[in-house]
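Q: My structure file run36.txt, compact mmCIF, N, CA, C and O atoms, is below:
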# COMPACT_ATOMS: atom_id res chain seq x y z
N MET A 9 -47.14 16.09 -27.42
CA MET A 9 -46.73 15.79 -28.77
C MET A 9 -47.02 14.32 -29.07
O MET A 9 -46.79 13.46 -28.24
N ALA A 10 -47.48 14.05 -30.27
CA ALA A 10 -47.86 12.68 -30.64
C ALA A 10 -46.62 11.86 -30.97
O ALA A 10 -45.65 12.36 -31.54
N GLU A 11 -46.66 10.62 -30.59
CA GLU A 11 -45.56 9.70 -30.87
C GLU A 11 -45.63 9.26 -32.34
O GLU A 11 -46.71 9.04 -32.87
N PRO A 12 -44.48 9.16 -33.03
CA PRO A 12 -44.53 8.74 -34.44
C PRO A 12 -45.06 7.32 -34.57
O PRO A 12 -44.84 6.47 -33.71
N THR A 13 -45.80 7.10 -35.63
CA THR A 13 -46.38 5.78 -35.88
C THR A 13 -45.29 4.84 -36.33
O THR A 13 -44.48 5.17 -37.20
N ARG A 14 -45.26 3.65 -35.78
CA ARG A 14 -44.26 2.64 -36.17
C ARG A 14 -44.89 1.71 -37.21
O ARG A 14 -45.98 1.21 -37.01
N HIS A 15 -44.18 1.50 -38.28
CA HIS A 15 -44.62 0.58 -39.32
C HIS A 15 -43.88 -0.73 -39.14
O HIS A 15 -42.67 -0.75 -39.04
N LEU A 16 -44.64 -1.78 -39.11
CA LEU A 16 -44.02 -3.09 -39.00
C LEU A 16 -43.62 -3.57 -40.39
O LEU A 16 -44.42 -3.53 -41.32
N ALA A 17 -42.40 -4.00 -40.52
CA ALA A 17 -41.92 -4.52 -41.80
C ALA A 17 -42.41 -5.95 -41.98
O ALA A 17 -42.33 -6.76 -41.06
N VAL A 18 -42.93 -6.22 -43.16
CA VAL A 18 -43.42 -7.55 -43.48
C VAL A 18 -42.48 -8.15 -44.51
O VAL A 18 -42.23 -7.55 -45.55
N ASP A 19 -41.95 -9.32 -44.22
CA ASP A 19 -41.05 -10.01 -45.15
C ASP A 19 -41.87 -10.95 -46.02
O ASP A 19 -42.27 -12.02 -45.60
N PHE A 20 -42.11 -10.50 -47.26
CA PHE A 20 -42.91 -11.31 -48.18
C PHE A 20 -42.13 -12.49 -48.75
O PHE A 20 -42.70 -13.36 -49.38
N THR A 21 -40.83 -12.51 -48.55
CA THR A 21 -40.02 -13.59 -49.11
C THR A 21 -39.82 -14.75 -48.13
O THR A 21 -39.27 -15.77 -48.50
N ALA A 22 -40.28 -14.59 -46.90
CA ALA A 22 -40.05 -15.63 -45.90
C ALA A 22 -40.79 -16.92 -46.24
O ALA A 22 -40.21 -18.01 -46.16
N ALA A 23 -42.04 -16.83 -46.63
CA ALA A 23 -42.82 -18.03 -46.93
C ALA A 23 -42.26 -18.77 -48.15
O ALA A 23 -42.06 -19.99 -48.08
N PRO A 24 -42.01 -18.08 -49.28
CA PRO A 24 -41.44 -18.82 -50.42
C PRO A 24 -40.09 -19.46 -50.10
O PRO A 24 -39.80 -20.57 -50.56
N ARG A 25 -39.25 -18.78 -49.32
CA ARG A 25 -37.96 -19.36 -48.95
C ARG A 25 -38.16 -20.62 -48.12
O ARG A 25 -37.44 -21.61 -48.28
N ALA A 26 -39.13 -20.58 -47.22
CA ALA A 26 -39.39 -21.76 -46.39
C ALA A 26 -39.89 -22.92 -47.25
O ALA A 26 -39.49 -24.07 -47.04
N VAL A 27 -40.75 -22.63 -48.21
CA VAL A 27 -41.28 -23.68 -49.10
C VAL A 27 -40.15 -24.27 -49.94
O VAL A 27 -40.04 -25.49 -50.08
N ILE A 28 -39.31 -23.41 -50.50
CA ILE A 28 -38.21 -23.89 -51.33
C ILE A 28 -37.22 -24.71 -50.50
O ILE A 28 -36.74 -25.76 -50.94
N GLY A 29 -36.93 -24.25 -49.30
CA GLY A 29 -36.02 -25.00 -48.43
C GLY A 29 -36.57 -26.36 -48.06
O GLY A 29 -35.84 -27.36 -48.07
N THR A 30 -37.85 -26.42 -47.76
CA THR A 30 -38.49 -27.69 -47.42
C THR A 30 -38.51 -28.62 -48.62
O THR A 30 -38.25 -29.82 -48.50
N ALA A 31 -38.82 -28.07 -49.81
CA ALA A 31 -38.85 -28.90 -51.03
C ALA A 31 -37.46 -29.44 -51.35
O ALA A 31 -37.32 -30.61 -51.74
N ALA A 32 -36.44 -28.62 -51.19
CA ALA A 32 -35.07 -29.08 -51.46
C ALA A 32 -34.67 -30.19 -50.50
O ALA A 32 -34.05 -31.18 -50.91
N ASP A 33 -35.03 -30.04 -49.25
CA ASP A 33 -34.73 -31.09 -48.27
C ASP A 33 -35.47 -32.37 -48.60
O ASP A 33 -34.90 -33.47 -48.52
N LEU A 34 -36.72 -32.25 -49.00
CA LEU A 34 -37.50 -33.43 -49.37
C LEU A 34 -36.89 -34.12 -50.58
O LEU A 34 -36.75 -35.36 -50.59
N LEU A 35 -36.51 -33.35 -51.60
CA LEU A 35 -35.88 -33.96 -52.79
C LEU A 35 -34.57 -34.64 -52.44
O LEU A 35 -34.27 -35.72 -52.96
N PHE A 36 -33.80 -34.03 -51.56
CA PHE A 36 -32.55 -34.65 -51.14
C PHE A 36 -32.81 -35.97 -50.44
O PHE A 36 -32.16 -36.98 -50.72
N ARG A 37 -33.77 -35.98 -49.53
CA ARG A 37 -34.07 -37.22 -48.80
C ARG A 37 -34.60 -38.31 -49.73
O ARG A 37 -34.22 -39.47 -49.60
N VAL A 38 -35.47 -37.95 -50.67
CA VAL A 38 -36.01 -38.93 -51.61
C VAL A 38 -34.88 -39.45 -52.51
O VAL A 38 -34.77 -40.66 -52.74
N GLY A 39 -34.05 -38.54 -53.00
CA GLY A 39 -32.93 -38.96 -53.85
C GLY A 39 -31.99 -39.88 -53.12
O GLY A 39 -31.51 -40.87 -53.67
N ARG A 40 -31.72 -39.58 -51.85
CA ARG A 40 -30.83 -40.43 -51.07
C ARG A 40 -31.44 -41.81 -50.85
O ARG A 40 -30.75 -42.82 -50.92
N SER A 41 -32.74 -41.87 -50.62
CA SER A 41 -33.37 -43.17 -50.39
C SER A 41 -33.50 -43.97 -51.68
O SER A 41 -33.41 -45.19 -51.67
N VAL A 42 -33.70 -43.29 -52.81
CA VAL A 42 -33.85 -43.99 -54.09
C VAL A 42 -32.49 -44.42 -54.64
O VAL A 42 -32.31 -45.56 -55.05
N LEU A 43 -31.54 -43.48 -54.65
CA LEU A 43 -30.23 -43.77 -55.23
C LEU A 43 -29.31 -44.53 -54.29
O LEU A 43 -28.43 -45.24 -54.73
N GLY A 44 -29.49 -44.32 -53.02
CA GLY A 44 -28.58 -44.88 -52.04
C GLY A 44 -27.64 -43.81 -51.54
O GLY A 44 -27.34 -42.83 -52.23
N GLU A 45 -27.21 -43.96 -50.32
CA GLU A 45 -26.37 -42.95 -49.65
C GLU A 45 -25.09 -42.64 -50.42
O GLU A 45 -24.67 -41.50 -50.53
N ASP A 46 -24.47 -43.68 -51.01
CA ASP A 46 -23.18 -43.48 -51.67
C ASP A 46 -23.29 -42.88 -53.06
O ASP A 46 -22.29 -42.45 -53.63
N ARG A 47 -24.49 -42.82 -53.65
CA ARG A 47 -24.64 -42.30 -55.01
C ARG A 47 -25.19 -40.88 -55.05
O ARG A 47 -25.39 -40.33 -56.13
N VAL A 48 -25.46 -40.29 -53.90
CA VAL A 48 -25.96 -38.91 -53.87
C VAL A 48 -24.78 -37.97 -54.09
O VAL A 48 -23.78 -38.05 -53.38
N PRO A 49 -24.89 -37.08 -55.09
CA PRO A 49 -23.77 -36.17 -55.34
C PRO A 49 -23.58 -35.18 -54.20
O PRO A 49 -24.54 -34.73 -53.59
N THR A 50 -22.33 -34.87 -53.93
CA THR A 50 -22.01 -33.90 -52.89
C THR A 50 -21.19 -32.77 -53.49
O THR A 50 -20.67 -32.90 -54.60
N ALA A 51 -21.09 -31.68 -52.78
CA ALA A 51 -20.29 -30.56 -53.25
C ALA A 51 -18.82 -30.97 -53.40
O ALA A 51 -18.14 -30.56 -54.34
N GLN A 52 -18.34 -31.80 -52.48
CA GLN A 52 -16.95 -32.24 -52.54
C GLN A 52 -16.72 -33.10 -53.79
O GLN A 52 -15.70 -32.95 -54.47
N ALA A 53 -17.66 -33.98 -54.10
CA ALA A 53 -17.53 -34.82 -55.29
C ALA A 53 -17.58 -33.97 -56.55
O ALA A 53 -16.82 -34.21 -57.51
N ASN A 54 -18.45 -32.96 -56.58
CA ASN A 54 -18.53 -32.07 -57.73
C ASN A 54 -17.23 -31.28 -57.91
O ASN A 54 -16.76 -31.10 -59.03
N ALA A 55 -16.67 -30.81 -56.81
CA ALA A 55 -15.43 -30.05 -56.88
C ALA A 55 -14.29 -30.94 -57.39
O ALA A 55 -13.48 -30.50 -58.21
N TRP A 56 -14.23 -32.17 -56.91
CA TRP A 56 -13.17 -33.08 -57.35
C TRP A 56 -13.32 -33.40 -58.83
O TRP A 56 -12.32 -33.46 -59.57
N ALA A 57 -14.55 -33.58 -59.29
CA ALA A 57 -14.79 -33.84 -60.71
C ALA A 57 -14.34 -32.65 -61.55
O ALA A 57 -13.76 -32.82 -62.64
N ALA A 58 -14.55 -31.44 -61.05
CA ALA A 58 -14.12 -30.24 -61.77
C ALA A 58 -12.59 -30.17 -61.83
O ALA A 58 -12.02 -29.79 -62.85
N VAL A 59 -11.92 -30.53 -60.75
CA VAL A 59 -10.46 -30.54 -60.72
C VAL A 59 -9.92 -31.54 -61.74
O VAL A 59 -9.00 -31.24 -62.51
N LEU A 60 -10.50 -32.72 -61.77
CA LEU A 60 -10.06 -33.74 -62.73
C LEU A 60 -10.30 -33.30 -64.17
O LEU A 60 -9.46 -33.53 -65.05
N ALA A 61 -11.43 -32.66 -64.42
CA ALA A 61 -11.73 -32.17 -65.76
C ALA A 61 -10.74 -31.08 -66.17
O ALA A 61 -10.29 -31.06 -67.32
N ASP A 62 -10.39 -30.20 -65.25
CA ASP A 62 -9.39 -29.17 -65.54
C ASP A 62 -8.04 -29.78 -65.86
O ASP A 62 -7.35 -29.34 -66.80
N GLN A 63 -7.64 -30.78 -65.11
CA GLN A 63 -6.37 -31.46 -65.38
C GLN A 63 -6.38 -32.13 -66.74
O GLN A 63 -5.39 -32.08 -67.48
N GLN A 64 -7.48 -32.75 -67.09
CA GLN A 64 -7.61 -33.42 -68.39
C GLN A 64 -7.49 -32.41 -69.53
O GLN A 64 -6.78 -32.64 -70.51
N ARG A 65 -8.18 -31.28 -69.39
CA ARG A 65 -8.09 -30.24 -70.42
C ARG A 65 -6.67 -29.69 -70.54
O ARG A 65 -6.19 -29.44 -71.64
N ALA A 66 -6.00 -29.51 -69.41
CA ALA A 66 -4.63 -29.01 -69.44
C ALA A 66 -3.71 -30.01 -70.15
O ALA A 66 -2.85 -29.62 -70.94
N ASN A 67 -3.89 -31.29 -69.87
CA ASN A 67 -3.08 -32.33 -70.54
C ASN A 67 -3.34 -32.34 -72.05
O ASN A 67 -2.41 -32.49 -72.84
N GLU A 68 -4.61 -32.19 -72.44
CA GLU A 68 -4.94 -32.18 -73.87
C GLU A 68 -4.35 -30.94 -74.56
O GLU A 68 -3.88 -31.03 -75.68
N ARG A 69 -4.39 -29.79 -73.88
CA ARG A 69 -3.79 -28.58 -74.44
C ARG A 69 -2.29 -28.76 -74.63
O ARG A 69 -1.73 -28.39 -75.68
N LEU A 70 -1.63 -29.32 -73.63
CA LEU A 70 -0.19 -29.54 -73.71
C LEU A 70 0.15 -30.50 -74.84
O LEU A 70 1.10 -30.27 -75.61
N GLU A 71 -0.63 -31.56 -74.97
CA GLU A 71 -0.40 -32.53 -76.04
C GLU A 71 -0.58 -31.87 -77.41
O GLU A 71 0.21 -32.10 -78.33
N THR A 72 -1.59 -31.03 -77.54
CA THR A 72 -1.83 -30.33 -78.80
C THR A 72 -0.69 -29.37 -79.11
O THR A 72 -0.21 -29.30 -80.25
N GLN A 73 -0.20 -28.65 -78.10
CA GLN A 73 0.92 -27.73 -78.31
C GLN A 73 2.17 -28.48 -78.73
O GLN A 73 2.90 -28.04 -79.63
N ARG A 74 2.44 -29.62 -78.12
CA ARG A 74 3.61 -30.42 -78.49
C ARG A 74 3.50 -30.93 -79.91
O ARG A 74 4.46 -30.92 -80.68
N TRP A 75 2.30 -31.39 -80.27
CA TRP A 75 2.08 -31.91 -81.62
C TRP A 75 2.27 -30.81 -82.65
O TRP A 75 2.92 -31.01 -83.67
N LEU A 76 1.69 -29.63 -82.36
CA LEU A 76 1.84 -28.51 -83.29
C LEU A 76 3.30 -28.08 -83.41
O LEU A 76 3.79 -27.82 -84.52
N ALA A 77 4.00 -28.02 -82.30
CA ALA A 77 5.41 -27.62 -82.33
C ALA A 77 6.23 -28.62 -83.13
O ALA A 77 7.09 -28.23 -83.94
N ALA A 78 5.98 -29.90 -82.95
CA ALA A 78 6.73 -30.93 -83.68
C ALA A 78 6.44 -30.85 -85.16
O ALA A 78 7.36 -30.96 -86.00
N ASN A 79 5.20 -30.64 -85.53
CA ASN A 79 4.84 -30.59 -86.95
C ASN A 79 5.31 -29.30 -87.61
O ASN A 79 5.71 -29.30 -88.76
N LEU A 80 5.26 -28.19 -86.91
CA LEU A 80 5.71 -26.93 -87.48
C LEU A 80 7.22 -26.94 -87.64
O LEU A 80 7.72 -26.42 -88.63
N ASN A 81 7.95 -27.50 -86.71
CA ASN A 81 9.40 -27.60 -86.82
C ASN A 81 9.80 -28.46 -87.99
O ASN A 81 10.77 -28.19 -88.69
N GLY A 82 9.08 -29.52 -88.22
CA GLY A 82 9.38 -30.40 -89.35
C GLY A 82 9.13 -29.72 -90.68
O GLY A 82 9.87 -29.94 -91.64
N ARG A 83 8.13 -28.90 -90.79
CA ARG A 83 7.83 -28.21 -92.04
C ARG A 83 8.84 -27.11 -92.34
O ARG A 83 9.15 -26.83 -93.46
N ARG A 84 9.33 -26.44 -91.32
CA ARG A 84 10.26 -25.35 -91.52
C ARG A 84 11.61 -25.86 -92.03
O ARG A 84 12.30 -25.16 -92.75
N ARG A 85 11.97 -27.06 -91.66
CA ARG A 85 13.26 -27.62 -92.08
C ARG A 85 13.23 -28.11 -93.53
O ARG A 85 14.24 -28.22 -94.17
N SER A 86 12.05 -28.44 -94.01
CA SER A 86 11.94 -28.96 -95.37
C SER A 86 12.18 -27.83 -96.38
O SER A 86 11.74 -26.71 -96.18
N PRO A 87 12.84 -28.14 -97.50
CA PRO A 87 13.09 -27.12 -98.53
C PRO A 87 11.86 -26.79 -99.33
O PRO A 87 10.93 -27.39 -99.49
Any chance you could give the structure as structure tokens?
A:
Amino acid sequence: MAEPTRHLAVDFTAAPRAVIGTAADLLFRVGRSVLGEDRVPTAQANAWAAVLADQQRANERLETQRWLAANLNGRRRSP
């Protein structure tokens, strides 16, 4: 009985992934050398900036709610 033919799987995405990975690394290294080590954005810095922005929006929402409540209460009391 004949043995079944084995087909080798070819990953056509391996080369583009390698090129993209190498290009990203090169851009990171160039950016670090041009901007300086301390000015290169990091995931941690981005996350902290998002936390601060969320806190700022929450404070602005609270301030707006307080302002609206104060102004609506004043109007309801007026004849």
Q: If I take atom CA of Thr50 of chain A and atom CA of Val38 of chain A, how far is one from the other in Å, to one decimal?
A: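 Between atom CA of Thr50 of chain A and atom CA of Val38 of chain A the gap is 14.9 Å.
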Q: What does the distance from atom CA of Pro49 of chain A to atom C of Leu34 of chain A come to in Å, to one decimal?
A: 14.1 Å
Q: Run DSSP on the backbone and tell me which residues of chain A come out as alpha helix (DSSP H); list them as a VMD selection string.
A: chain A and resid 22 to 43 51 to 85
Q: Any idea what the distance is between atom C of Leu43 of chain A and atom O of Ala23 of chain A?
A: 28.3 Å
Q: Anything within 12 Å of (-24.8, -33.0, -54.1): list those residues as a list in words, counting only C-alpha atoms and sticking to the file's coordinates.
A: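 Residues with an atom at most 12 Å from (-24.8, -33.0, -54.1): Ala32, Asp33, Leu35, Phe36, Arg37, Gly39, Arg40, Glu45, Asp46, Arg47, Val48, Pro49, Thr50, Ala51, Gln52, Ala53, Asn54 and Ala55 of chain A.
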